[in-house]
Amino acid sequence: MKLTIGHLYPDLLNLYGDRGNIQCLMRRCQWRGIEAETIAFELGDKIDFSRLDIVLLGGGSDREQMLVCEKLKEIQPDFKKYVEDGGVVIAICGGYQLLGKYYKTDQGTITGLDLVDLYTEQGEGRLISNIVLKSDLFDMPVVGFENHGGRTCINNCKPLGKVLYGSGNDGKTGYEGVVYKNVIGTYLHGPLLPKNPQLADWLIAHALEQKYGKEVRLEPLDDTEEKAANDYVYHRFVKEN
Amino acid sequence: MKIRTMAAVFAAKSAGFICRKMGRQGVTWAGKIALKINPDILEDLSSQVRKKIFVTCGTNGKTTTNNMLCAALEKEGQKVVCNHTGSNMLNGVVAAFVLAAGPTGRLDADYACIEVDEASTRHVFPGLKPDYMLLTNLFRDQLDRYGEIDITMNILEEMIRTVPKMQVIVNADDALSAYLAMDSGNPYITYGISKPVQKSAANEIREGRFCKKCGARLEYSFYHYSQLGDYKCPSCGFARPEIKYDAHDVKVGDQLSFQVEDKHLTANYKGFYNVYNILAAYAGLRTAGFSGEHFQNMLQKFNPENGRMEQFRIKGTGVMLNLAKNPAGFNQNISAVMQDKTQKDIIITINDNAQDGTDISWLWDVDFDLLGDASVHSITVSGIRCQDMRLRMKYVDIPVMLEENVETAIRKRIEDGVGNLYVLVNYTALFSTHNILKKMEGEKE
């Protein structure tokens, strides 16, 4: 078995240890004997989505997102089809905002990819903190770090999880991220995947199912270090009842 | 002399004295008290500086560069005010002046060398009015505090423009810093390393790959490290400016040496990045009108201190303490450590207190794989976020030991190590680790 990961615009969207997310997907495949490769795309490159099994859209500064959004129009129709057909996407931070219709900042409005029914508007101050979620998709809590000026409204979409500590999508509703088909969007970096191995495996399993058309049971890995790091954040920030 | 200045100086000096007696870092406290009593204290004191005021800004190398410039000026017989400890926010800057002033609030100084935290320039510049700014480099650092590197640049540029006569002495090899200096409209002077010296790791994190002026991708003929190198924009013509103080014949090993102007400079410490620190201090001294004939002499005796490659000897083990707080700094530190080809033990201590940056995701932008070498006898991860650090090392296939408490980690490695220990720490672990090592140095064998 083999998976191909498409990393979109790492030149521009590479804040907050996104490198770690790519490494995590690659290694968790390789540790199980699943072949994995990553293709990094630069702005203006033609992207053949039919060749990709997982797409990673990382975080960048507002200025860099502005540069990216100009070019996004060219890939939007193909990207949209990929998502609707069940393609796996992990979008983080700025990448999460770009999934939606728009991101309105006081410098202007960034037009998004319009892949998921959500939008973002700049709020007063940035939401910066460690963050812990409980998601229906996993037994382990999801832990990470958030740092965003935008407040994201996910309309009637399903959130990734309930916020146990931190701010989440808008600091008000108590929810964080979005799950739509095989797309996960979230503000969590830290990076996200190494400390949340179940989320990484969710992406890998769905990508394999999508590609090979059968249910996949991933071989369990020794996640001692991963669990210890996840546990540490959970226990430090969430008081247990 | 204003009565309020006298009162402020007196109160702050007493507070600073008491705090230090209590073994605390009393410096910022003294500044806070002085500001409470006289909000104009910084202006009152800094306007008494007889000749010129330098500020040092930039992500990495501030403390070393600033202290080195201070030492160089002192070698020229000048009296200098300097925030040596690296307390670089408003309180720390004020404290440096207050503690240097006489009890009546009179300041006897020819020069001031003040390092200023980039975001704090907003609070420091209105009272300080610098004549020169040394701008070392701009890298990603503490994104949780500053938001984004673009925000830091905007603040700096705005503040540079408030002192239009201030000359910016800038690292020409950094496209971000050079752009800032040029775009601000202030007069600027450049230093840099015009020719390639060593190979830069291909996958290193590089900031600002796109032209700040027009958004096109910058072209590089080579990189020194991170984004420092020789760049030009194919679209708008923005390019590395001509270098006035150019280091050539650069040699990096157990010690550093290079040629600048008619001088051959050598320094007894490791790390390519120190070439930039030395060069910046030299450019500062030359810009202030000195010939620099005593510079090499100063350099020979200069001890970076404060945990910048600070050396200790404990029970027969040589211990080197060094600060590493962001990807660019850490990568440079790792390559400096690896220049030592003998067997070594390494302790990496990562905290996530407010001053460190509470976001530790930057650990994943550091090229730790370079530590996978036969000369590395052991690696121990320590500090508040040692679990994150251990997981990070799993991804470069390097086994580590975990010991949250730094002192315990140091004691264990001195006990069972090879007698050559490097301790790499981020900011808040620096002072405590320094004190632990000092204490251990004093213990009986």
# chains A, B, ... in the order shown; residues from 1 in each chain; ligands from 1
$ closest_atom_pairs --of "region 309-381 of chain B" --to "region 19-27 of chain A" --cutoff "10 Å" --atoms "only C-alpha atoms" --output "tab-separated table"
residue	atom	partner	partner_atom	distance
B:Ser361	CA	A:Gly20	CA	8.7
B:Trp362	CA	A:Gly20	CA	9.6
B:Leu363	CA	A:Gly20	CA	9.1
B:Trp364	CA	A:Gly20	CA	5.6
B:Asp365	CA	A:Arg19	CA	6.9
B:Val366	CA	A:Arg19	CA	9.9
$ write_last_selection --atoms "C-alpha atoms" --output "PDB file, in the first residue's frame"
ATOM      1  CA  SER B 361       5.885  24.082  18.340  1.00  0.00           C
ATOM      2  CA  TRP B 362       9.140  25.676  17.156  1.00  0.00           C
ATOM      3  CA  LEU B 363      10.967  22.579  18.418  1.00  0.00           C
ATOM      4  CA  TRP B 364       9.797  20.912  15.211  1.00  0.00           C
ATOM      5  CA  ASP B 365      11.533  23.559  13.101  1.00  0.00           C
ATOM      6  CA  VAL B 366      14.912  22.717  14.655  1.00  0.00           C
TER       7      VAL B 366
END
$ interface_residues --of "chain B" --to "chain A" --cutoff "8 Å" --atoms "only C-alpha atoms" --output "PyMOL selection string"
chain B and resi 144+147-148+150+209+215+358-365+387-388+390-391+394-395
$ atom_distance --atom1 "CA of Lys165 (chain B)" --atom2 "CA of Val49 (chain B)"
17.1 Å
$ residues_around --residues "Lys195 (chain B)" --least-positions-apart "4" --cutoff "10 Å" --atoms "only C-alpha atoms" --output "count of residues only"
11
$ select_by_dssp --residues "region 32-119 of chain A" --states "helix (DSSP H, G or I)" --output "PyMOL selection string"
chain A and resi 49-51+62-84+94-99
$ write_last_selection --atoms "C-alpha atoms" --output "mmCIF file, in the first residue's frame"
data_model
loop_
_atom_site.group_PDB
_atom_site.id
_atom_site.type_symbol
_atom_site.label_atom_id
_atom_site.label_comp_id
_atom_site.auth_asym_id
_atom_site.auth_seq_id
_atom_site.Cartn_x
_atom_site.Cartn_y
_atom_site.Cartn_z
ATOM 1 C CA PHE A 49 -5.569 16.039 -7.075
ATOM 2 C CA SER A 50 -6.318 12.561 -8.433
ATOM 3 C CA ARG A 51 -2.745 11.600 -7.488
ATOM 4 C CA ASP A 62 -2.150 37.080 7.236
ATOM 5 C CA ARG A 63 0.160 38.668 4.653
ATOM 6 C CA GLU A 64 1.198 35.310 3.298
ATOM 7 C CA GLN A 65 -2.391 34.100 3.176
ATOM 8 C CA MET A 66 -3.175 37.167 1.104
ATOM 9 C CA LEU A 67 -0.465 36.083 -1.376
ATOM 10 C CA VAL A 68 -1.816 32.532 -1.462
ATOM 11 C CA CYS A 69 -5.475 33.379 -1.892
ATOM 12 C CA GLU A 70 -4.848 35.051 -5.244
ATOM 13 C CA LYS A 71 -3.690 31.741 -6.662
ATOM 14 C CA LEU A 72 -6.275 29.582 -4.951
ATOM 15 C CA LYS A 73 -8.948 30.404 -7.504
ATOM 16 C CA GLU A 74 -7.017 28.381 -10.081
ATOM 17 C CA ILE A 75 -7.101 25.184 -8.041
ATOM 18 C CA GLN A 76 -10.531 25.689 -6.447
ATOM 19 C CA PRO A 77 -12.654 23.563 -8.849
ATOM 20 C CA ASP A 78 -10.313 20.558 -8.688
ATOM 21 C CA PHE A 79 -9.871 20.895 -4.934
ATOM 22 C CA LYS A 80 -13.658 21.087 -4.485
ATOM 23 C CA LYS A 81 -14.164 17.900 -6.471
ATOM 24 C CA TYR A 82 -11.455 16.152 -4.418
ATOM 25 C CA VAL A 83 -13.240 17.081 -1.186
ATOM 26 C CA GLU A 84 -16.719 16.144 -2.417
ATOM 27 C CA GLY A 94 -4.472 29.764 8.285
ATOM 28 C CA GLY A 95 -5.216 26.699 6.168
ATOM 29 C CA TYR A 96 -8.388 26.113 8.183
ATOM 30 C CA GLN A 97 -9.514 29.674 7.520
ATOM 31 C CA LEU A 98 -8.845 29.204 3.804
ATOM 32 C CA LEU A 99 -11.255 26.245 3.707
#
$ residues_around --residues "region 114-118 of chain B" --least-positions-apart "2" --cutoff "6 Å" --atoms "only C-alpha atoms" --output "PyMOL selection string"
chain B and resi 55-57+82-83+88-89+120-121
$ write_last_selection --atoms "N, CA and C atoms" --output "CSV table (one decimal), in the first residue's frame"
chain,number,residue,atom,x,y,z
B,55,VAL,N,21.2,51.5,20.2
B,55,VAL,CA,20.3,50.4,20.7
B,55,VAL,C,20.6,49.2,19.8
B,56,THR,N,20.5,48.0,20.4
B,56,THR,CA,20.7,46.8,19.6
B,56,THR,C,19.3,46.0,19.6
B,57,CYS,N,18.9,45.8,18.3
B,57,CYS,CA,17.6,45.0,18.2
B,57,CYS,C,17.9,43.8,17.2
B,82,CYS,N,25.1,50.4,30.1
B,82,CYS,CA,24.7,49.2,29.3
B,82,CYS,C,23.8,48.3,30.1
B,83,ASN,N,22.8,47.7,29.5
B,83,ASN,CA,22.0,46.7,30.2
B,83,ASN,C,22.6,45.3,30.0
B,88,ASN,N,15.7,43.6,28.6
B,88,ASN,CA,15.6,44.5,27.5
B,88,ASN,C,14.2,45.1,27.2
B,89,MET,N,13.3,45.0,28.2
B,89,MET,CA,12.0,45.6,28.1
B,89,MET,C,12.1,47.0,28.9
B,120,SER,N,9.2,46.0,22.5
B,120,SER,CA,9.3,47.0,23.5
B,120,SER,C,9.9,48.4,23.0
B,121,THR,N,10.3,48.4,21.7
B,121,THR,CA,10.8,49.7,21.2
B,121,THR,C,9.7,50.7,21.3
$ closest_residue --among "B:Thr136, B:Thr65, B:Asn38, B:Ser257" --to "Phe302 (chain B)" --atoms "only C-alpha atoms"
B:Thr65
